[in-house]
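Shown here: upload-v8.cif, mmCIF, N, CA and C atoms.
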```cif
data_target
#
loop_
_atom_site.label_atom_id
_atom_site.label_comp_id
_atom_site.auth_asym_id
_atom_site.auth_seq_id
_atom_site.Cartn_x
_atom_site.Cartn_y
_atom_site.Cartn_z
N MET A 1 112.17 60.03 93.76
CA MET A 1 112.99 60.54 92.69
C MET A 1 113.88 59.41 92.18
N THR A 2 113.84 59.20 90.87
CA THR A 2 114.67 58.14 90.29
C THR A 2 116.13 58.59 90.25
N ALA A 3 117.01 57.65 90.00
CA ALA A 3 118.44 57.97 89.91
C ALA A 3 118.69 58.99 88.80
N LYS A 4 118.02 58.81 87.67
CA LYS A 4 118.20 59.72 86.53
C LYS A 4 117.73 61.13 86.88
N GLU A 5 116.59 61.25 87.54
CA GLU A 5 116.09 62.56 87.97
C GLU A 5 117.06 63.20 88.97
N TYR A 6 117.55 62.39 89.89
CA TYR A 6 118.51 62.87 90.88
C TYR A 6 119.76 63.42 90.21
N LEU A 7 120.29 62.69 89.25
CA LEU A 7 121.52 63.10 88.58
C LEU A 7 121.29 64.26 87.61
N ASN A 8 120.09 64.39 87.06
CA ASN A 8 119.78 65.45 86.10
C ASN A 8 119.52 66.81 86.73
N ARG A 9 119.48 66.90 88.05
CA ARG A 9 119.19 68.17 88.71
C ARG A 9 120.19 69.24 88.30
N GLY A 10 121.46 68.89 88.17
CA GLY A 10 122.48 69.87 87.80
C GLY A 10 122.23 70.45 86.42
N TYR A 11 121.82 69.61 85.49
CA TYR A 11 121.58 70.08 84.12
C TYR A 11 120.43 71.08 84.09
N LYS A 12 119.39 70.81 84.86
CA LYS A 12 118.25 71.72 84.88
C LYS A 12 118.64 73.07 85.49
N ILE A 13 119.47 73.05 86.49
CA ILE A 13 119.96 74.31 87.08
C ILE A 13 120.82 75.04 86.06
N GLU A 14 121.64 74.30 85.32
CA GLU A 14 122.47 74.89 84.26
C GLU A 14 121.60 75.60 83.22
N LEU A 15 120.48 75.00 82.85
CA LEU A 15 119.56 75.63 81.90
C LEU A 15 118.96 76.92 82.46
N GLN A 16 118.64 76.90 83.75
CA GLN A 16 118.11 78.09 84.39
C GLN A 16 119.15 79.21 84.40
N ILE A 17 120.40 78.85 84.64
CA ILE A 17 121.48 79.83 84.64
C ILE A 17 121.64 80.43 83.25
N GLN A 18 121.63 79.59 82.23
CA GLN A 18 121.75 80.09 80.86
C GLN A 18 120.61 81.05 80.52
N SER A 19 119.41 80.73 80.96
CA SER A 19 118.25 81.58 80.70
C SER A 19 118.43 82.94 81.39
N LYS A 20 118.87 82.92 82.64
CA LYS A 20 119.09 84.17 83.36
C LYS A 20 120.21 85.00 82.73
N MET A 21 121.23 84.33 82.22
CA MET A 21 122.32 85.05 81.56
C MET A 21 121.82 85.73 80.28
N GLU A 22 120.95 85.07 79.54
CA GLU A 22 120.38 85.67 78.34
C GLU A 22 119.51 86.88 78.71
N GLN A 23 118.72 86.74 79.78
CA GLN A 23 117.90 87.86 80.24
C GLN A 23 118.78 89.04 80.64
N LEU A 24 119.87 88.74 81.32
CA LEU A 24 120.81 89.77 81.76
C LEU A 24 121.42 90.51 80.58
N GLU A 25 121.78 89.78 79.55
CA GLU A 25 122.35 90.40 78.35
C GLU A 25 121.34 91.33 77.68
N ARG A 26 120.07 90.89 77.62
CA ARG A 26 119.03 91.74 77.03
C ARG A 26 118.83 93.01 77.85
N LEU A 27 118.83 92.88 79.17
CA LEU A 27 118.67 94.06 80.03
C LEU A 27 119.85 95.01 79.88
N ARG A 28 121.05 94.46 79.81
CA ARG A 28 122.23 95.32 79.63
C ARG A 28 122.16 96.06 78.30
N ALA A 29 121.69 95.37 77.27
CA ALA A 29 121.55 96.02 75.97
C ALA A 29 120.52 97.14 76.04
N MET A 30 119.44 96.90 76.76
CA MET A 30 118.42 97.94 76.91
C MET A 30 118.96 99.14 77.68
N ALA A 31 119.78 98.87 78.69
CA ALA A 31 120.31 99.94 79.53
C ALA A 31 121.30 100.82 78.76
N THR A 32 121.98 100.25 77.80
CA THR A 32 122.99 101.02 77.07
C THR A 32 122.49 101.54 75.73
N ARG A 33 121.27 101.18 75.36
CA ARG A 33 120.72 101.62 74.08
C ARG A 33 120.32 103.10 74.18
N THR A 34 120.72 103.85 73.22
CA THR A 34 120.33 105.26 73.15
C THR A 34 119.74 105.52 71.78
N THR A 35 118.78 106.41 71.76
CA THR A 35 118.17 106.78 70.49
C THR A 35 118.23 108.30 70.38
N THR A 36 118.71 108.75 69.28
CA THR A 36 118.79 110.17 69.04
C THR A 36 117.81 110.54 67.94
N THR A 37 117.02 111.53 68.22
CA THR A 37 116.09 112.01 67.22
C THR A 37 116.46 113.46 66.91
N LEU A 38 116.75 113.71 65.68
CA LEU A 38 117.10 115.06 65.25
C LEU A 38 115.86 115.72 64.70
N SER A 39 115.37 116.70 65.44
CA SER A 39 114.17 117.39 65.02
C SER A 39 114.11 118.74 65.71
N ASP A 40 113.51 119.71 65.06
CA ASP A 40 113.36 121.01 65.70
C ASP A 40 112.01 121.14 66.38
N MET A 41 111.26 120.07 66.36
CA MET A 41 109.95 120.07 67.01
C MET A 41 110.12 119.84 68.50
N PRO A 42 109.28 120.47 69.30
CA PRO A 42 109.37 120.23 70.75
C PRO A 42 109.07 118.77 71.05
N ARG A 43 109.77 118.26 72.01
CA ARG A 43 109.64 116.85 72.36
C ARG A 43 108.86 116.70 73.64
N PRO A 44 107.89 115.78 73.67
CA PRO A 44 107.14 115.58 74.91
C PRO A 44 108.05 114.95 75.97
N ALA A 45 107.67 115.18 77.19
CA ALA A 45 108.44 114.60 78.30
C ALA A 45 108.41 113.08 78.20
N SER A 46 109.49 112.46 78.62
CA SER A 46 109.58 111.01 78.58
C SER A 46 108.54 110.41 79.51
N PRO A 47 107.87 109.34 79.09
CA PRO A 47 106.87 108.72 79.96
C PRO A 47 107.51 108.15 81.23
N ASP A 48 108.75 107.76 81.18
CA ASP A 48 109.43 107.22 82.36
C ASP A 48 110.84 107.80 82.42
N PRO A 49 111.01 108.88 83.16
CA PRO A 49 112.33 109.51 83.21
C PRO A 49 113.36 108.65 83.93
N HIS A 50 112.91 107.62 84.64
CA HIS A 50 113.83 106.76 85.40
C HIS A 50 113.98 105.39 84.76
N LYS A 51 113.73 105.31 83.47
CA LYS A 51 113.76 104.03 82.77
C LYS A 51 115.10 103.32 82.92
N THR A 52 116.19 104.05 82.69
CA THR A 52 117.53 103.44 82.81
C THR A 52 117.79 102.98 84.24
N GLU A 53 117.39 103.80 85.21
CA GLU A 53 117.58 103.42 86.62
C GLU A 53 116.81 102.13 86.93
N ASN A 54 115.59 102.04 86.45
CA ASN A 54 114.78 100.85 86.70
C ASN A 54 115.41 99.61 86.06
N ILE A 55 115.96 99.77 84.87
CA ILE A 55 116.63 98.65 84.21
C ILE A 55 117.85 98.22 85.01
N ILE A 56 118.60 99.18 85.50
CA ILE A 56 119.80 98.86 86.30
C ILE A 56 119.41 98.12 87.58
N ILE A 57 118.31 98.53 88.20
CA ILE A 57 117.83 97.83 89.40
C ILE A 57 117.48 96.39 89.06
N LYS A 58 116.83 96.19 87.91
CA LYS A 58 116.49 94.83 87.47
C LYS A 58 117.76 94.02 87.20
N ILE A 59 118.77 94.67 86.63
CA ILE A 59 120.05 93.98 86.37
C ILE A 59 120.67 93.53 87.67
N VAL A 60 120.67 94.39 88.67
CA VAL A 60 121.26 94.04 89.97
C VAL A 60 120.52 92.87 90.61
N LYS A 61 119.18 92.92 90.55
CA LYS A 61 118.37 91.82 91.12
C LYS A 61 118.63 90.51 90.38
N LEU A 62 118.65 90.58 89.05
CA LEU A 62 118.88 89.38 88.25
C LEU A 62 120.28 88.83 88.48
N ASN A 63 121.25 89.72 88.66
CA ASN A 63 122.62 89.29 88.97
C ASN A 63 122.66 88.53 90.29
N ALA A 64 121.92 89.00 91.28
CA ALA A 64 121.87 88.32 92.58
C ALA A 64 121.23 86.93 92.43
N GLU A 65 120.15 86.86 91.64
CA GLU A 65 119.51 85.57 91.38
C GLU A 65 120.46 84.62 90.66
N LEU A 66 121.19 85.17 89.70
CA LEU A 66 122.14 84.37 88.93
C LEU A 66 123.22 83.81 89.84
N ASN A 67 123.75 84.64 90.72
CA ASN A 67 124.78 84.17 91.65
C ASN A 67 124.24 83.08 92.58
N ALA A 68 122.98 83.22 93.01
CA ALA A 68 122.36 82.20 93.86
C ALA A 68 122.22 80.89 93.09
N GLU A 69 121.82 80.97 91.81
CA GLU A 69 121.68 79.77 90.97
C GLU A 69 123.04 79.10 90.76
N ILE A 70 124.08 79.90 90.56
CA ILE A 70 125.42 79.34 90.38
C ILE A 70 125.87 78.62 91.65
N ASP A 71 125.61 79.22 92.81
CA ASP A 71 125.93 78.56 94.08
C ASP A 71 125.17 77.24 94.21
N LYS A 72 123.90 77.27 93.82
CA LYS A 72 123.07 76.06 93.89
C LYS A 72 123.62 74.98 92.95
N LEU A 73 124.06 75.39 91.75
CA LEU A 73 124.63 74.45 90.80
C LEU A 73 125.90 73.81 91.37
N ILE A 74 126.75 74.62 91.94
CA ILE A 74 128.00 74.10 92.51
C ILE A 74 127.70 73.10 93.62
N ASP A 75 126.79 73.46 94.52
CA ASP A 75 126.42 72.55 95.62
C ASP A 75 125.82 71.24 95.09
N THR A 76 124.96 71.36 94.08
CA THR A 76 124.33 70.17 93.49
C THR A 76 125.36 69.28 92.81
N LYS A 77 126.28 69.90 92.07
CA LYS A 77 127.32 69.11 91.39
C LYS A 77 128.23 68.41 92.40
N ILE A 78 128.53 69.07 93.50
CA ILE A 78 129.35 68.43 94.55
C ILE A 78 128.61 67.22 95.12
N GLU A 79 127.32 67.38 95.37
CA GLU A 79 126.52 66.28 95.89
C GLU A 79 126.46 65.11 94.89
N ILE A 80 126.24 65.44 93.62
CA ILE A 80 126.19 64.40 92.58
C ILE A 80 127.56 63.73 92.45
N LYS A 81 128.62 64.51 92.51
CA LYS A 81 129.99 63.97 92.41
C LYS A 81 130.26 62.98 93.55
N HIS A 82 129.83 63.31 94.75
CA HIS A 82 130.02 62.39 95.88
C HIS A 82 129.28 61.07 95.65
N THR A 83 128.10 61.16 95.06
CA THR A 83 127.34 59.94 94.75
C THR A 83 128.05 59.13 93.68
N ILE A 84 128.48 59.80 92.61
CA ILE A 84 129.16 59.10 91.51
C ILE A 84 130.47 58.48 91.99
N ASP A 85 131.16 59.13 92.91
CA ASP A 85 132.42 58.59 93.44
C ASP A 85 132.24 57.25 94.14
N LYS A 86 131.03 56.96 94.58
CA LYS A 86 130.75 55.68 95.25
C LYS A 86 130.59 54.53 94.27
N VAL A 87 130.41 54.85 92.98
CA VAL A 87 130.27 53.81 91.94
C VAL A 87 131.65 53.18 91.72
N GLN A 88 131.70 51.85 91.75
CA GLN A 88 132.97 51.14 91.66
C GLN A 88 133.46 50.94 90.22
N ASP A 89 132.56 50.65 89.30
CA ASP A 89 132.94 50.37 87.92
C ASP A 89 133.45 51.65 87.25
N VAL A 90 134.64 51.58 86.69
CA VAL A 90 135.28 52.75 86.09
C VAL A 90 134.50 53.28 84.89
N ASP A 91 134.04 52.40 84.01
CA ASP A 91 133.28 52.86 82.84
C ASP A 91 131.97 53.52 83.26
N GLU A 92 131.29 52.93 84.22
CA GLU A 92 130.06 53.53 84.71
C GLU A 92 130.33 54.92 85.27
N LYS A 93 131.38 55.02 86.06
CA LYS A 93 131.74 56.29 86.68
C LYS A 93 132.08 57.34 85.61
N LEU A 94 132.84 56.96 84.60
CA LEU A 94 133.21 57.89 83.53
C LEU A 94 131.98 58.39 82.78
N ILE A 95 131.09 57.48 82.48
CA ILE A 95 129.87 57.86 81.75
C ILE A 95 129.00 58.77 82.60
N LEU A 96 128.83 58.45 83.87
CA LEU A 96 128.03 59.30 84.75
C LEU A 96 128.64 60.70 84.89
N GLU A 97 129.95 60.76 85.06
CA GLU A 97 130.61 62.06 85.18
C GLU A 97 130.47 62.88 83.90
N ALA A 98 130.69 62.24 82.77
CA ALA A 98 130.58 62.95 81.49
C ALA A 98 129.16 63.45 81.26
N ARG A 99 128.19 62.62 81.58
CA ARG A 99 126.80 62.96 81.31
C ARG A 99 126.22 63.96 82.31
N TYR A 100 126.44 63.74 83.61
CA TYR A 100 125.72 64.51 84.63
C TYR A 100 126.55 65.60 85.30
N LEU A 101 127.85 65.60 85.08
CA LEU A 101 128.67 66.69 85.62
C LEU A 101 129.18 67.61 84.51
N ASN A 102 129.47 67.01 83.34
CA ASN A 102 129.97 67.80 82.21
C ASN A 102 128.92 68.03 81.14
N PHE A 103 127.73 67.43 81.31
CA PHE A 103 126.59 67.61 80.42
C PHE A 103 126.90 67.28 78.97
N LYS A 104 127.66 66.21 78.75
CA LYS A 104 128.01 65.77 77.40
C LYS A 104 126.89 64.91 76.81
N SER A 105 126.78 64.93 75.50
CA SER A 105 125.79 64.10 74.81
C SER A 105 126.30 62.65 74.79
N TYR A 106 125.39 61.73 74.53
CA TYR A 106 125.79 60.32 74.45
C TYR A 106 126.77 60.11 73.30
N ASP A 107 126.57 60.81 72.20
CA ASP A 107 127.50 60.70 71.07
C ASP A 107 128.90 61.13 71.46
N ASP A 108 128.99 62.25 72.19
CA ASP A 108 130.30 62.74 72.63
C ASP A 108 130.96 61.75 73.60
N ILE A 109 130.16 61.16 74.46
CA ILE A 109 130.70 60.19 75.43
C ILE A 109 131.21 58.96 74.69
N ALA A 110 130.43 58.49 73.72
CA ALA A 110 130.84 57.31 72.94
C ALA A 110 132.15 57.59 72.22
N SER A 111 132.26 58.76 71.65
CA SER A 111 133.49 59.14 70.95
C SER A 111 134.66 59.25 71.92
N MET A 112 134.42 59.87 73.06
CA MET A 112 135.47 60.07 74.07
C MET A 112 136.00 58.72 74.59
N LEU A 113 135.09 57.78 74.81
CA LEU A 113 135.47 56.48 75.38
C LEU A 113 135.74 55.43 74.30
N ASN A 114 135.58 55.83 73.05
CA ASN A 114 135.82 54.93 71.93
C ASN A 114 134.96 53.67 72.05
N MET A 115 133.66 53.90 72.29
CA MET A 115 132.68 52.81 72.43
C MET A 115 131.50 53.08 71.52
N SER A 116 130.74 52.04 71.24
CA SER A 116 129.52 52.21 70.45
C SER A 116 128.45 52.85 71.33
N LEU A 117 127.47 53.45 70.69
CA LEU A 117 126.36 54.04 71.44
C LEU A 117 125.59 52.97 72.21
N GLU A 118 125.42 51.81 71.60
CA GLU A 118 124.73 50.71 72.29
C GLU A 118 125.43 50.36 73.59
N ASN A 119 126.75 50.28 73.53
CA ASN A 119 127.53 49.96 74.72
C ASN A 119 127.39 51.07 75.77
N ILE A 120 127.43 52.31 75.33
CA ILE A 120 127.27 53.44 76.25
C ILE A 120 125.91 53.37 76.94
N PHE A 121 124.85 53.11 76.16
CA PHE A 121 123.51 53.02 76.74
C PHE A 121 123.41 51.86 77.74
N ARG A 122 124.02 50.73 77.42
CA ARG A 122 123.98 49.58 78.32
C ARG A 122 124.69 49.89 79.63
N ILE A 123 125.90 50.46 79.52
CA ILE A 123 126.68 50.80 80.73
C ILE A 123 125.96 51.89 81.52
N HIS A 124 125.37 52.86 80.82
CA HIS A 124 124.64 53.94 81.49
C HIS A 124 123.45 53.37 82.28
N SER A 125 122.73 52.44 81.68
CA SER A 125 121.61 51.81 82.37
C SER A 125 122.07 51.08 83.63
N ASN A 126 123.18 50.35 83.51
CA ASN A 126 123.74 49.66 84.68
C ASN A 126 124.17 50.67 85.75
N ALA A 127 124.75 51.78 85.30
CA ALA A 127 125.22 52.81 86.22
C ALA A 127 124.03 53.42 86.98
N LEU A 128 122.93 53.65 86.27
CA LEU A 128 121.74 54.19 86.94
C LEU A 128 121.22 53.22 87.99
N ASN A 129 121.25 51.92 87.68
CA ASN A 129 120.84 50.93 88.66
C ASN A 129 121.75 50.94 89.88
N THR A 130 123.04 51.12 89.64
CA THR A 130 123.99 51.20 90.75
C THR A 130 123.71 52.41 91.62
N VAL A 131 123.47 53.56 90.99
CA VAL A 131 123.18 54.79 91.74
C VAL A 131 121.88 54.63 92.52
N GLU A 132 120.90 53.98 91.92
CA GLU A 132 119.62 53.78 92.59
C GLU A 132 119.83 53.01 93.90
N LYS A 133 120.72 52.04 93.89
CA LYS A 133 121.02 51.26 95.10
C LYS A 133 121.79 52.09 96.14
N LEU A 134 122.57 53.06 95.65
CA LEU A 134 123.38 53.88 96.56
C LEU A 134 122.58 54.97 97.27
N LYS A 135 121.48 55.40 96.66
CA LYS A 135 120.72 56.51 97.24
C LYS A 135 120.05 56.14 98.53
#
```
Since I need it in another form, could you write the structure as structure tokens?
Amino acid sequence: MTAKEYLNRGYKIELQIQSKMEQLERLRAMATRTTTTLSDMPRPASPDPHKTENIIIKIVKLNAELNAEIDKLIDTKIEIKHTIDKVQDVDEKLILEARYLNFKSYDDIASMLNMSLENIFRIHSNALNTVEKLK
């Protein structure tokens, strides 16, 4: 695993968390959705009388998965933070923290540090080499 892959693990977990949160919102919307039909015609029995219960069970399971992913993200970020803390150069450390712990774009980092993108890329490359030696 390269230094970049090692440091990017947190971001990938963050994406998984966001995906699960979107799924959870859709399930919650389904669980609370009601449809009223006004008609004097007899209505056939519902194909799934436990539909809401099943959705709630899925919500509970997805919530448990989400909590596990959040725990994994926290543990991964702590591990990455310990690695970044070993980097001696302050600029390298700031760029690594902004990119791999706060998930900022290179443009945002350049603006934050008042540096050109070229300079950010150069320092980032050096930082990755430093992390590669530390692993």
Quick one: residues within 7 Å of A:His124, only N, CA and C atoms, excluding same-chain residues fewer than 5 positions away - as an mmCIF file with N, CA and C atoms, in the coordinates of the input?
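result.cif, written as the output of this step:
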```cif
data_model
loop_
_atom_site.group_PDB
_atom_site.id
_atom_site.type_symbol
_atom_site.label_atom_id
_atom_site.label_comp_id
_atom_site.auth_asym_id
_atom_site.auth_seq_id
_atom_site.Cartn_x
_atom_site.Cartn_y
_atom_site.Cartn_z
ATOM 1 N N GLU A 92 131.290 52.930 84.220
ATOM 2 C CA GLU A 92 130.060 53.530 84.710
ATOM 3 C C GLU A 92 130.330 54.920 85.270
ATOM 4 N N ILE A 95 131.090 57.480 82.480
ATOM 5 C CA ILE A 95 129.870 57.860 81.750
ATOM 6 C C ILE A 95 129.000 58.770 82.600
ATOM 7 N N LEU A 96 128.830 58.450 83.870
ATOM 8 C CA LEU A 96 128.030 59.300 84.750
ATOM 9 C C LEU A 96 128.640 60.700 84.890
ATOM 10 N N ASN A 119 126.750 50.280 73.530
ATOM 11 C CA ASN A 119 127.530 49.960 74.720
ATOM 12 C C ASN A 119 127.390 51.070 75.770
ATOM 13 N N ASN A 129 121.250 51.920 87.680
ATOM 14 C CA ASN A 129 120.840 50.930 88.660
ATOM 15 C C ASN A 129 121.750 50.940 89.880
#
```
Test item: residues at most 8 Å from stretch 82-88 of chain A, only C-alpha atoms, excluding those fewer than 4 positions along its chain, as a PyMOL selection string: chain A and resi 78+92-93+96-97+127+130-131+134-135
How about saving the chosen residues, N, CA and C atoms kept, as a CSV table (one decimal), keeping the file's coordinate frame?
```
chain,number,residue,atom,x,y,z
A,78,ILE,N,128.5,69.1,93.5
A,78,ILE,CA,129.4,68.4,94.6
A,78,ILE,C,128.6,67.2,95.1
A,92,GLU,N,131.3,52.9,84.2
A,92,GLU,CA,130.1,53.5,84.7
A,92,GLU,C,130.3,54.9,85.3
A,93,LYS,N,131.4,55.0,86.1
A,93,LYS,CA,131.7,56.3,86.7
A,93,LYS,C,132.1,57.3,85.6
A,96,LEU,N,128.8,58.4,83.9
A,96,LEU,CA,128.0,59.3,84.8
A,96,LEU,C,128.6,60.7,84.9
A,97,GLU,N,130.0,60.8,85.1
A,97,GLU,CA,130.6,62.1,85.2
A,97,GLU,C,130.5,62.9,83.9
A,127,ALA,N,124.8,51.8,85.3
A,127,ALA,CA,125.2,52.8,86.2
A,127,ALA,C,124.0,53.4,87.0
A,130,THR,N,123.0,51.1,89.6
A,130,THR,CA,124.0,51.2,90.8
A,130,THR,C,123.7,52.4,91.6
A,131,VAL,N,123.5,53.6,91.0
A,131,VAL,CA,123.2,54.8,91.7
A,131,VAL,C,121.9,54.6,92.5
A,134,LEU,N,122.6,53.1,95.6
A,134,LEU,CA,123.4,53.9,96.6
A,134,LEU,C,122.6,55.0,97.3
A,135,LYS,N,121.5,55.4,96.7
A,135,LYS,CA,120.7,56.5,97.2
A,135,LYS,C,120.0,56.1,98.5
```
Around all the atoms of stretch 121-130 of chain A listed in the file, with 5 Å of room on each side, what axis-aligned box do you get, giving centre and edge lengths in Å to one decimal, as JSON?
```
{"center_x": 123.8, "center_y": 51.9, "center_z": 83.9, "size_x": 15.8, "size_y": 14.6, "size_z": 25.5}
```
Expressed in Å, the length from atom CA of A:Lys77 to atom CA of A:Tyr100 is 8.3 Å
If you apply the PyMOL selection byres ((chain A and resi 54-71) around 7) to this file, what residues do you get, as a PDB file with N, CA and C atoms, keeping the file's coordinate frame?
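This is the output file out_4.pdb:
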```pdb
ATOM      1  N   ILE A  13     119.470  73.050  86.490  1.00  0.00           N
ATOM      2  CA  ILE A  13     119.960  74.310  87.080  1.00  0.00           C
ATOM      3  C   ILE A  13     120.820  75.040  86.060  1.00  0.00           C
ATOM      4  N   ILE A  17     120.400  78.850  84.640  1.00  0.00           N
ATOM      5  CA  ILE A  17     121.480  79.830  84.640  1.00  0.00           C
ATOM      6  C   ILE A  17     121.640  80.430  83.250  1.00  0.00           C
ATOM      7  N   LYS A  20     118.870  82.920  82.640  1.00  0.00           N
ATOM      8  CA  LYS A  20     119.090  84.170  83.360  1.00  0.00           C
ATOM      9  C   LYS A  20     120.210  85.000  82.730  1.00  0.00           C
ATOM     10  N   MET A  21     121.230  84.330  82.220  1.00  0.00           N
ATOM     11  CA  MET A  21     122.320  85.050  81.560  1.00  0.00           C
ATOM     12  C   MET A  21     121.820  85.730  80.280  1.00  0.00           C
ATOM     13  N   LEU A  24     119.870  88.740  81.320  1.00  0.00           N
ATOM     14  CA  LEU A  24     120.810  89.770  81.760  1.00  0.00           C
ATOM     15  C   LEU A  24     121.420  90.510  80.580  1.00  0.00           C
ATOM     16  N   LEU A  27     118.830  92.880  79.170  1.00  0.00           N
ATOM     17  CA  LEU A  27     118.670  94.060  80.030  1.00  0.00           C
ATOM     18  C   LEU A  27     119.850  95.010  79.880  1.00  0.00           C
ATOM     19  N   ARG A  28     121.050  94.460  79.810  1.00  0.00           N
ATOM     20  CA  ARG A  28     122.230  95.320  79.630  1.00  0.00           C
ATOM     21  C   ARG A  28     122.160  96.060  78.300  1.00  0.00           C
ATOM     22  N   MET A  30     119.440  96.900  76.760  1.00  0.00           N
ATOM     23  CA  MET A  30     118.420  97.940  76.910  1.00  0.00           C
ATOM     24  C   MET A  30     118.960  99.140  77.680  1.00  0.00           C
ATOM     25  N   ALA A  31     119.780  98.870  78.690  1.00  0.00           N
ATOM     26  CA  ALA A  31     120.310  99.940  79.530  1.00  0.00           C
ATOM     27  C   ALA A  31     121.300 100.820  78.760  1.00  0.00           C
ATOM     28  N   HIS A  50     112.910 107.620  84.640  1.00  0.00           N
ATOM     29  CA  HIS A  50     113.830 106.760  85.400  1.00  0.00           C
ATOM     30  C   HIS A  50     113.980 105.390  84.760  1.00  0.00           C
ATOM     31  N   LYS A  51     113.730 105.310  83.470  1.00  0.00           N
ATOM     32  CA  LYS A  51     113.760 104.030  82.770  1.00  0.00           C
ATOM     33  C   LYS A  51     115.100 103.320  82.920  1.00  0.00           C
ATOM     34  N   THR A  52     116.190 104.050  82.690  1.00  0.00           N
ATOM     35  CA  THR A  52     117.530 103.440  82.810  1.00  0.00           C
ATOM     36  C   THR A  52     117.790 102.980  84.240  1.00  0.00           C
ATOM     37  N   GLU A  53     117.390 103.800  85.210  1.00  0.00           N
ATOM     38  CA  GLU A  53     117.580 103.420  86.620  1.00  0.00           C
ATOM     39  C   GLU A  53     116.810 102.130  86.930  1.00  0.00           C
ATOM     40  N   LYS A  72     123.900  77.270  93.820  1.00  0.00           N
ATOM     41  CA  LYS A  72     123.070  76.060  93.890  1.00  0.00           C
ATOM     42  C   LYS A  72     123.620  74.980  92.950  1.00  0.00           C
ATOM     43  N   LEU A  73     124.060  75.390  91.750  1.00  0.00           N
ATOM     44  CA  LEU A  73     124.630  74.450  90.800  1.00  0.00           C
ATOM     45  C   LEU A  73     125.900  73.810  91.370  1.00  0.00           C
ATOM     46  N   ILE A  74     126.750  74.620  91.940  1.00  0.00           N
ATOM     47  CA  ILE A  74     128.000  74.100  92.510  1.00  0.00           C
ATOM     48  C   ILE A  74     127.700  73.100  93.620  1.00  0.00           C
ATOM     49  N   ASP A  75     126.790  73.460  94.520  1.00  0.00           N
ATOM     50  CA  ASP A  75     126.420  72.550  95.620  1.00  0.00           C
ATOM     51  C   ASP A  75     125.820  71.240  95.090  1.00  0.00           C
ATOM     52  N   THR A  76     124.960  71.360  94.080  1.00  0.00           N
ATOM     53  CA  THR A  76     124.330  70.170  93.490  1.00  0.00           C
ATOM     54  C   THR A  76     125.360  69.280  92.810  1.00  0.00           C
TER      55      THR A  76
END
```
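Residue membership of the PyMOL selection byres (((chain A and resi 106 and name CA) around 10) and name CA) in the shown file amounts to Ile95, Ala98, Arg99, Phe103, Lys104, Ser105, Asp107, Asp108, Ile109, Ala110, Ser111, Met112, Ser116, Leu117, Glu118, Ile120, Phe121 and His124 of chain A.
Of note, atom N of A:Arg122 and atom N of A:Leu7 are spaced 17.2 Å apart.
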Point-to-point distance from atom CA of A:Gln16 to atom CA of A:Leu94, Å rounded to tenths: 25.2 Å
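Closest approach to A:Lys12 among A:Thr32, A:Met115, A:Leu101, A:Asn126: A:Leu101, based on only C-alpha atoms.
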